[in-house]
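Student: Below is one structure. I have some questions about it.
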Number of protein chains: 2
Amino acid sequence: MKSNWKVGILGAGNVAVHLVNGLQAAGVEITVVYSRTLAHAQELAAKTPLAYATASLDLRQSPEADVYLVTVPDHALPLVVSQAKFPAGAMVAHTSGTQPLAVLQNLSPNPIGVFYPLQTFSKEKAVVWAEIPICVEASTPHGEDLLLQLARQLSQAAVVMPGQQRQQVHVAAVFACNFTNHLWGIAQQLLQEVDLPPQILGSLVKETLAKALLHPPFTVQTGPAQRQDASTLQTHQHLLAHHPQYQNVYQALTQSIEETAKKT
Amino acid sequence: MKSNWKVGILGAGNVAVHLVNGLQAAGVEITVVYSRTLAHAQELAAKTPLAYATASLDLRQSPEADVYLVTVPDHALPLVVSQAKFPAGAMVAHTSGTQPLAVLQNLSPNPIGVFYPLQTFSKEKAVVWAEIPICVEASTPHGEDLLLQLARQLSQAAVVMPGQQRQQVHVAAVFACNFTNHLWGIAQQLLQEVDLPPQILGSLVKETLAKALLHPPFTVQTGPAQRQDASTLQTHQHLLAHHPQYQNVYQALTQSIEETAKKT
């Protein structure tokens with residue numbers, strides 16, 4: 001087992017912030033934080049006593065690390081890959097759910113990998129790292145083992161996962177998390193329009209989740225689309241007439257529920 | 001305060017089953033259960049020792065009740081209203097989220113009302129009545145008070161709510177509950193295709209809900225649509241190519257998140 005981890009962080013967004021908090025709490029040393037905006041790197045580096053802040057992608061000039069976690073947005077990965085210089089032998093892993101491992105291949109001969117934490121990270125809220133699945137992948141078994149060990153410093157749910165599975169998990173997470181959050185936002189907006197507090201749906205939302213964790217969700221689907229209640233569907237379309245955006249969402253989901261009901 | 005309640009139930013679906021269970025546990029007497037299929041009425045009536053089962057809509061011929069709760073599907077309400085005969089003076093209330101109070105007006109001179117429990121009811125799972133908002137409405141203050149008292153036998157969250165608010169709550173509930181359940185079903189299906197268990201998303205789903213209960217969901221929206229991550233959106237469309245149904249849902253929700261992000 002490796003100890004005395006030294007980790008470098010590239011990027012200073014939500015993922016980076018929560019990684020720094022989690023790694024520091026786990027006793028892992030953050031040696032360097034890079035951001036193209038130095039002030040952002042400094043702000044994040046200030047969270048941990050030993051970290052150096054830099055806006056230079058020549059990481060050989062900063063205090064070195066064994067593993068560099070590249071948390072920049074997907075579209076910025078090619079630029080980082082083409083410009084960054086890492087110390088010889090250091091592992092470089094990105095944290096994207098969607099990007100293939102191969103996006104890092106031009107960093108060879110450095111070993112490369114993926115370190116994807118399956119969670120929604122916002123500035124507003126701390127996360128419980130111990131329960132977060134961390135999906136790792138690497139170009140060599142040794143690299144995989146290294147990333148798995150690092151992931152286990154943070155979480156009890158670290159797994160090795162090939163890129164194809166990770167991509168599919170990411171799409172599934174968009175449906176299960178990003179899209180449901182948006183639907184709750186729409187529900188809250190509709191309640192506000194008639195002066196009702198969001199809490200009135202609290203019991204219903206919790207029960208829906210409890211049920212979905214016990215039974216396959218398609219088998220416990222309820223509501224007007226499921227029971228082909230044309231009169232209610234029509235009333236709802238009418239009620240949403242001043243929200244064409246929500247009407248469109250309503251129609252797409254209703255249609256999908258109807259199609260699923262036909263198949264099952 | 002009224003005591004010695006006598007309640008009649010029309011319909012024998014999920015709402016009726018859970019109402020009978022809840023009312024019986026609260027010590028309310030169910031005098032009669034009607035279903036157009038006698039066997040269904042009998043099956044439900046058997047859950048409570050004193051209930052009479054009938055397939056006749058002339059409820060004057062069955063043991064009488066003070067309040068009749070009409071739980072039939074919305075499309076069956078007009079038929080029940082045109083054919084049913086209730087004892088003089090008995091309150092008749094439907095349990096629909098969408099139908100107006102006025103759908104019962106031909107039952108005059110019987111007092112009429114609405115008794116809408118805001119919950120998702122499935123055969124598979126018991127519910128905690130104490131926490132379920134029950135939205136009541138009636139044609140007279142006296143009727144409203146009667147239904148509110150009955151609702152309080154079941155729940156600590158009973159409220160008087162005019163029809164316009166109730167309709168809007170129902171649409172909001174479809175977004176917050178029925179649609180999110182369907183999204184969880186899609187996510188589970190996508191995971192199954194790559195041999196992953198649904199539990200891998202458990203931590204993420206719980207965190208998403210915890211965050212949405214703390215902050216207005218639109219303000220904590222994350223994901224590729226929110227951050228305008230065109231490359232990920234494109235990869236996801238590609239991954240969903242063999243699921244045009246899910247692709248359609250993905251597009252509608254992505255578009256709605258993008259439009260909301262522009263406004264806020």
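Quick note on naming: the chains in the structure tokens go A, B, ... in the order shown, residues restart at 1 in each chain, and ligands are numbered from 1 in order of appearance.
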When DSSP is applied to the backbone of this structure, which of region 94-209 of chain A are assigned helix (DSSP H, G or I)? Write them out as a ChimeraX atom specification.
Tutor: /A:101-107,129-131,141-154,163-193,198-209
Student: If you take only C-alpha atoms and a cut-off of 6 Å, which residues of chain B touch chain A, and what are their nearest atom pairs and distances in Å to one decimal, in chain and number order, as CSV?
Tutor:
```
residue,atom,partner,partner_atom,distance
B:Gln119,CA,A:Leu204,CA,5.2
B:Gln165,CA,A:Val194,CA,6.0
B:Ala172,CA,A:Ala187,CA,4.3
B:Phe175,CA,A:Leu183,CA,5.5
B:Ala176,CA,A:Trp184,CA,5.1
B:Cys177,CA,A:Val205,CA,5.8
B:Asn178,CA,A:Gly223,CA,5.8
B:Thr180,CA,A:Thr180,CA,5.3
B:Asn181,CA,A:Pro217,CA,5.9
B:Leu183,CA,A:Phe175,CA,5.5
B:Trp184,CA,A:Ala176,CA,5.1
B:Gly185,CA,A:Pro217,CA,4.7
B:Ala187,CA,A:Ala172,CA,4.3
B:Val194,CA,A:Gln165,CA,5.9
B:Leu204,CA,A:Gln119,CA,5.2
B:Val205,CA,A:Cys177,CA,5.8
B:Pro217,CA,A:Gly185,CA,4.7
B:Phe218,CA,A:Gly185,CA,5.2
B:Gly223,CA,A:Asn178,CA,5.8
B:Val249,CA,A:Ala252,CA,5.5
B:Ala252,CA,A:Val249,CA,5.5
```
Student: Could those residues be written to a file, using N, CA, C and O atoms, as a short mmCIF file (atom, residue, chain, number, x, y, z; two decimals), in the first residue's frame?
Tutor:
```cif
data_model
loop_
_atom_site.label_atom_id
_atom_site.label_comp_id
_atom_site.auth_asym_id
_atom_site.auth_seq_id
_atom_site.Cartn_x
_atom_site.Cartn_y
_atom_site.Cartn_z
N GLN B 119 -50.57 11.99 -2.93
CA GLN B 119 -49.60 10.91 -2.75
C GLN B 119 -49.67 9.96 -3.93
O GLN B 119 -50.65 9.96 -4.67
N GLN B 165 -55.99 25.85 -7.20
CA GLN B 165 -54.71 25.48 -6.58
C GLN B 165 -54.49 23.97 -6.67
O GLN B 165 -53.40 23.51 -6.96
N ALA B 172 -47.95 19.91 -10.83
CA ALA B 172 -46.62 19.95 -10.21
C ALA B 172 -46.21 18.57 -9.73
O ALA B 172 -45.06 18.16 -9.87
N PHE B 175 -44.89 16.36 -12.50
CA PHE B 175 -43.48 16.64 -12.79
C PHE B 175 -42.57 16.06 -11.70
O PHE B 175 -41.59 15.39 -11.97
N ALA B 176 -42.92 16.33 -10.44
CA ALA B 176 -42.02 16.00 -9.33
C ALA B 176 -41.99 14.52 -9.02
O ALA B 176 -41.02 14.03 -8.44
N CYS B 177 -43.04 13.80 -9.37
CA CYS B 177 -43.17 12.40 -8.95
C CYS B 177 -43.25 11.44 -10.14
O CYS B 177 -42.35 10.66 -10.38
N ASN B 178 -44.31 11.53 -10.92
CA ASN B 178 -44.48 10.57 -12.02
C ASN B 178 -43.33 10.66 -13.01
O ASN B 178 -42.78 9.64 -13.44
N THR B 180 -40.23 12.02 -12.58
CA THR B 180 -38.93 11.63 -12.03
C THR B 180 -38.83 10.11 -11.90
O THR B 180 -37.79 9.53 -12.18
N ASN B 181 -39.93 9.47 -11.52
CA ASN B 181 -39.89 8.00 -11.44
C ASN B 181 -39.56 7.39 -12.81
O ASN B 181 -38.77 6.46 -12.92
N LEU B 183 -37.84 8.80 -15.19
CA LEU B 183 -36.41 9.06 -15.46
C LEU B 183 -35.53 8.06 -14.72
O LEU B 183 -34.52 7.59 -15.26
N TRP B 184 -35.90 7.74 -13.48
CA TRP B 184 -35.13 6.72 -12.75
C TRP B 184 -35.24 5.37 -13.46
O TRP B 184 -34.27 4.60 -13.48
N GLY B 185 -36.40 5.09 -14.03
CA GLY B 185 -36.56 3.85 -14.79
C GLY B 185 -35.64 3.83 -16.01
O GLY B 185 -35.00 2.81 -16.30
N ALA B 187 -32.83 5.48 -16.35
CA ALA B 187 -31.46 5.35 -15.84
C ALA B 187 -31.15 3.89 -15.52
O ALA B 187 -30.09 3.38 -15.89
N VAL B 194 -25.33 -2.20 -19.55
CA VAL B 194 -23.88 -2.40 -19.38
C VAL B 194 -23.59 -3.17 -18.09
O VAL B 194 -22.51 -3.05 -17.51
N LEU B 204 -25.88 9.31 -5.58
CA LEU B 204 -26.12 10.49 -6.40
C LEU B 204 -27.57 10.95 -6.32
O LEU B 204 -27.86 12.15 -6.17
N VAL B 205 -28.49 9.99 -6.40
CA VAL B 205 -29.92 10.34 -6.36
C VAL B 205 -30.27 10.94 -5.00
O VAL B 205 -30.98 11.95 -4.91
N PRO B 217 -34.31 24.26 -6.67
CA PRO B 217 -33.60 23.37 -7.61
C PRO B 217 -32.96 24.10 -8.80
O PRO B 217 -31.85 23.74 -9.20
N PHE B 218 -33.63 25.11 -9.33
CA PHE B 218 -33.04 25.80 -10.49
C PHE B 218 -31.69 26.44 -10.13
O PHE B 218 -30.83 26.59 -10.99
N GLY B 223 -24.77 19.65 -14.50
CA GLY B 223 -24.84 18.76 -15.65
C GLY B 223 -24.50 19.44 -16.96
O GLY B 223 -24.35 20.66 -17.02
N VAL B 249 -36.66 12.38 -24.95
CA VAL B 249 -36.76 12.90 -23.58
C VAL B 249 -35.51 13.71 -23.25
O VAL B 249 -35.60 14.81 -22.69
N ALA B 252 -35.70 17.15 -24.99
CA ALA B 252 -36.70 18.07 -24.42
C ALA B 252 -36.19 18.64 -23.09
O ALA B 252 -36.32 19.85 -22.83
#
```
Student: Could you state the separation of CA of His243 (chain B) and CA of Gln228 (chain B) in Å, given to one decimal place?
Tutor: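 Distance reported for this atom pair: 22.7 Å.
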Student: Of the residues A:Glu258, A:Glu137, A:Asp58, A:Glu64, which is the one nearest to Val32 (chain A), using only C-alpha atoms?
Tutor: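 Of all the options, A:Glu64 lies closest to Val32 (chain A).
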Student: For Val20 (chain A), work out the shell of residues within 9 Å, counting only C-alpha atoms and skipping chain neighbours fewer than 6 positions away, then give it as a PDB file with N, CA and C atoms, in the first residue's frame.
Tutor:
```
ATOM      1  N   ILE A   9      -3.661  19.163  -8.568  1.00  0.00           N
ATOM      2  CA  ILE A   9      -5.021  19.388  -9.078  1.00  0.00           C
ATOM      3  C   ILE A   9      -4.956  20.412 -10.205  1.00  0.00           C
ATOM      4  N   ILE A  30      -1.771  17.847  -1.015  1.00  0.00           N
ATOM      5  CA  ILE A  30      -1.954  18.510  -2.309  1.00  0.00           C
ATOM      6  C   ILE A  30      -0.717  19.383  -2.511  1.00  0.00           C
ATOM      7  N   LEU A  44      -8.064  28.339  -4.189  1.00  0.00           N
ATOM      8  CA  LEU A  44      -8.229  26.923  -3.861  1.00  0.00           C
ATOM      9  C   LEU A  44      -7.017  26.389  -3.085  1.00  0.00           C
ATOM     10  N   ALA A  45      -5.826  26.791  -3.499  1.00  0.00           N
ATOM     11  CA  ALA A  45      -4.605  26.322  -2.814  1.00  0.00           C
ATOM     12  C   ALA A  45      -4.596  26.760  -1.352  1.00  0.00           C
ATOM     13  N   LYS A  47      -6.826  26.597   0.698  1.00  0.00           N
ATOM     14  CA  LYS A  47      -7.584  25.673   1.559  1.00  0.00           C
ATOM     15  C   LYS A  47      -6.693  24.621   2.188  1.00  0.00           C
ATOM     16  N   THR A  48      -5.479  24.473   1.663  1.00  0.00           N
ATOM     17  CA  THR A  48      -4.621  23.398   2.167  1.00  0.00           C
ATOM     18  C   THR A  48      -3.211  23.962   2.335  1.00  0.00           C
TER      19      THR A  48
END
```
Student: Using only C-alpha atoms, which residues sit within 10 Å of Ala39 (chain B) once same-chain residues fewer than 4 positions away are excluded, as a ChimeraX atom specification?
Tutor: /B:12,35,43-45,53-55
Student: Generate the output file for the selected residues, all heavy atoms, as a PDB file, in the first residue's frame.
Tutor:
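Resulting contents of part.pdb:
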```pdb
ATOM      1  N   ALA B  12     -62.479   0.566  -6.292  1.00  0.00           N
ATOM      2  CA  ALA B  12     -61.694  -0.432  -5.549  1.00  0.00           C
ATOM      3  C   ALA B  12     -60.255  -0.476  -6.049  1.00  0.00           C
ATOM      4  O   ALA B  12     -59.579  -1.490  -5.954  1.00  0.00           O
ATOM      5  CB  ALA B  12     -62.358  -1.811  -5.676  1.00  0.00           C
ATOM      6  N   SER B  35     -68.102  -1.357  -6.129  1.00  0.00           N
ATOM      7  CA  SER B  35     -67.339  -1.417  -7.371  1.00  0.00           C
ATOM      8  C   SER B  35     -68.277  -1.978  -8.429  1.00  0.00           C
ATOM      9  O   SER B  35     -69.156  -2.779  -8.110  1.00  0.00           O
ATOM     10  CB  SER B  35     -66.106  -2.314  -7.223  1.00  0.00           C
ATOM     11  OG  SER B  35     -65.568  -2.607  -8.507  1.00  0.00           O
ATOM     12  N   GLU B  43     -63.596  -8.043  -2.309  1.00  0.00           N
ATOM     13  CA  GLU B  43     -62.209  -8.209  -1.891  1.00  0.00           C
ATOM     14  C   GLU B  43     -61.776  -7.055  -0.977  1.00  0.00           C
ATOM     15  O   GLU B  43     -61.141  -7.253   0.051  1.00  0.00           O
ATOM     16  CB  GLU B  43     -61.324  -8.262  -3.137  1.00  0.00           C
ATOM     17  CG  GLU B  43     -59.916  -8.755  -2.872  1.00  0.00           C
ATOM     18  CD  GLU B  43     -59.053  -8.699  -4.136  1.00  0.00           C
ATOM     19  OE1 GLU B  43     -59.619  -8.688  -5.256  1.00  0.00           O
ATOM     20  OE2 GLU B  43     -57.828  -8.628  -3.998  1.00  0.00           O
ATOM     21  N   LEU B  44     -62.159  -5.833  -1.379  1.00  0.00           N
ATOM     22  CA  LEU B  44     -61.782  -4.676  -0.568  1.00  0.00           C
ATOM     23  C   LEU B  44     -62.585  -4.630   0.740  1.00  0.00           C
ATOM     24  O   LEU B  44     -62.039  -4.346   1.812  1.00  0.00           O
ATOM     25  CB  LEU B  44     -61.960  -3.388  -1.382  1.00  0.00           C
ATOM     26  CG  LEU B  44     -61.570  -2.088  -0.710  1.00  0.00           C
ATOM     27  CD1 LEU B  44     -60.175  -2.148  -0.098  1.00  0.00           C
ATOM     28  CD2 LEU B  44     -61.647  -0.925  -1.705  1.00  0.00           C
ATOM     29  N   ALA B  45     -63.866  -4.924   0.661  1.00  0.00           N
ATOM     30  CA  ALA B  45     -64.717  -4.885   1.859  1.00  0.00           C
ATOM     31  C   ALA B  45     -64.239  -5.893   2.903  1.00  0.00           C
ATOM     32  O   ALA B  45     -64.378  -5.666   4.115  1.00  0.00           O
ATOM     33  CB  ALA B  45     -66.173  -5.161   1.491  1.00  0.00           C
ATOM     34  N   ALA B  53     -70.394  -5.084   0.658  1.00  0.00           N
ATOM     35  CA  ALA B  53     -69.906  -4.925  -0.712  1.00  0.00           C
ATOM     36  C   ALA B  53     -71.082  -4.880  -1.675  1.00  0.00           C
ATOM     37  O   ALA B  53     -72.032  -5.661  -1.545  1.00  0.00           O
ATOM     38  CB  ALA B  53     -69.000  -6.093  -1.078  1.00  0.00           C
ATOM     39  N   THR B  54     -71.027  -3.961  -2.646  1.00  0.00           N
ATOM     40  CA  THR B  54     -72.133  -3.869  -3.597  1.00  0.00           C
ATOM     41  C   THR B  54     -71.637  -3.469  -4.980  1.00  0.00           C
ATOM     42  O   THR B  54     -70.602  -2.802  -5.106  1.00  0.00           O
ATOM     43  CB  THR B  54     -73.193  -2.844  -3.124  1.00  0.00           C
ATOM     44  OG1 THR B  54     -74.282  -2.837  -4.051  1.00  0.00           O
ATOM     45  CG2 THR B  54     -72.614  -1.444  -3.047  1.00  0.00           C
ATOM     46  N   ALA B  55     -72.408  -3.904  -6.003  1.00  0.00           N
ATOM     47  CA  ALA B  55     -72.145  -3.436  -7.364  1.00  0.00           C
ATOM     48  C   ALA B  55     -73.294  -2.545  -7.826  1.00  0.00           C
ATOM     49  O   ALA B  55     -73.395  -2.210  -9.008  1.00  0.00           O
ATOM     50  CB  ALA B  55     -71.960  -4.624  -8.308  1.00  0.00           C
TER      51      ALA B  55
END
```
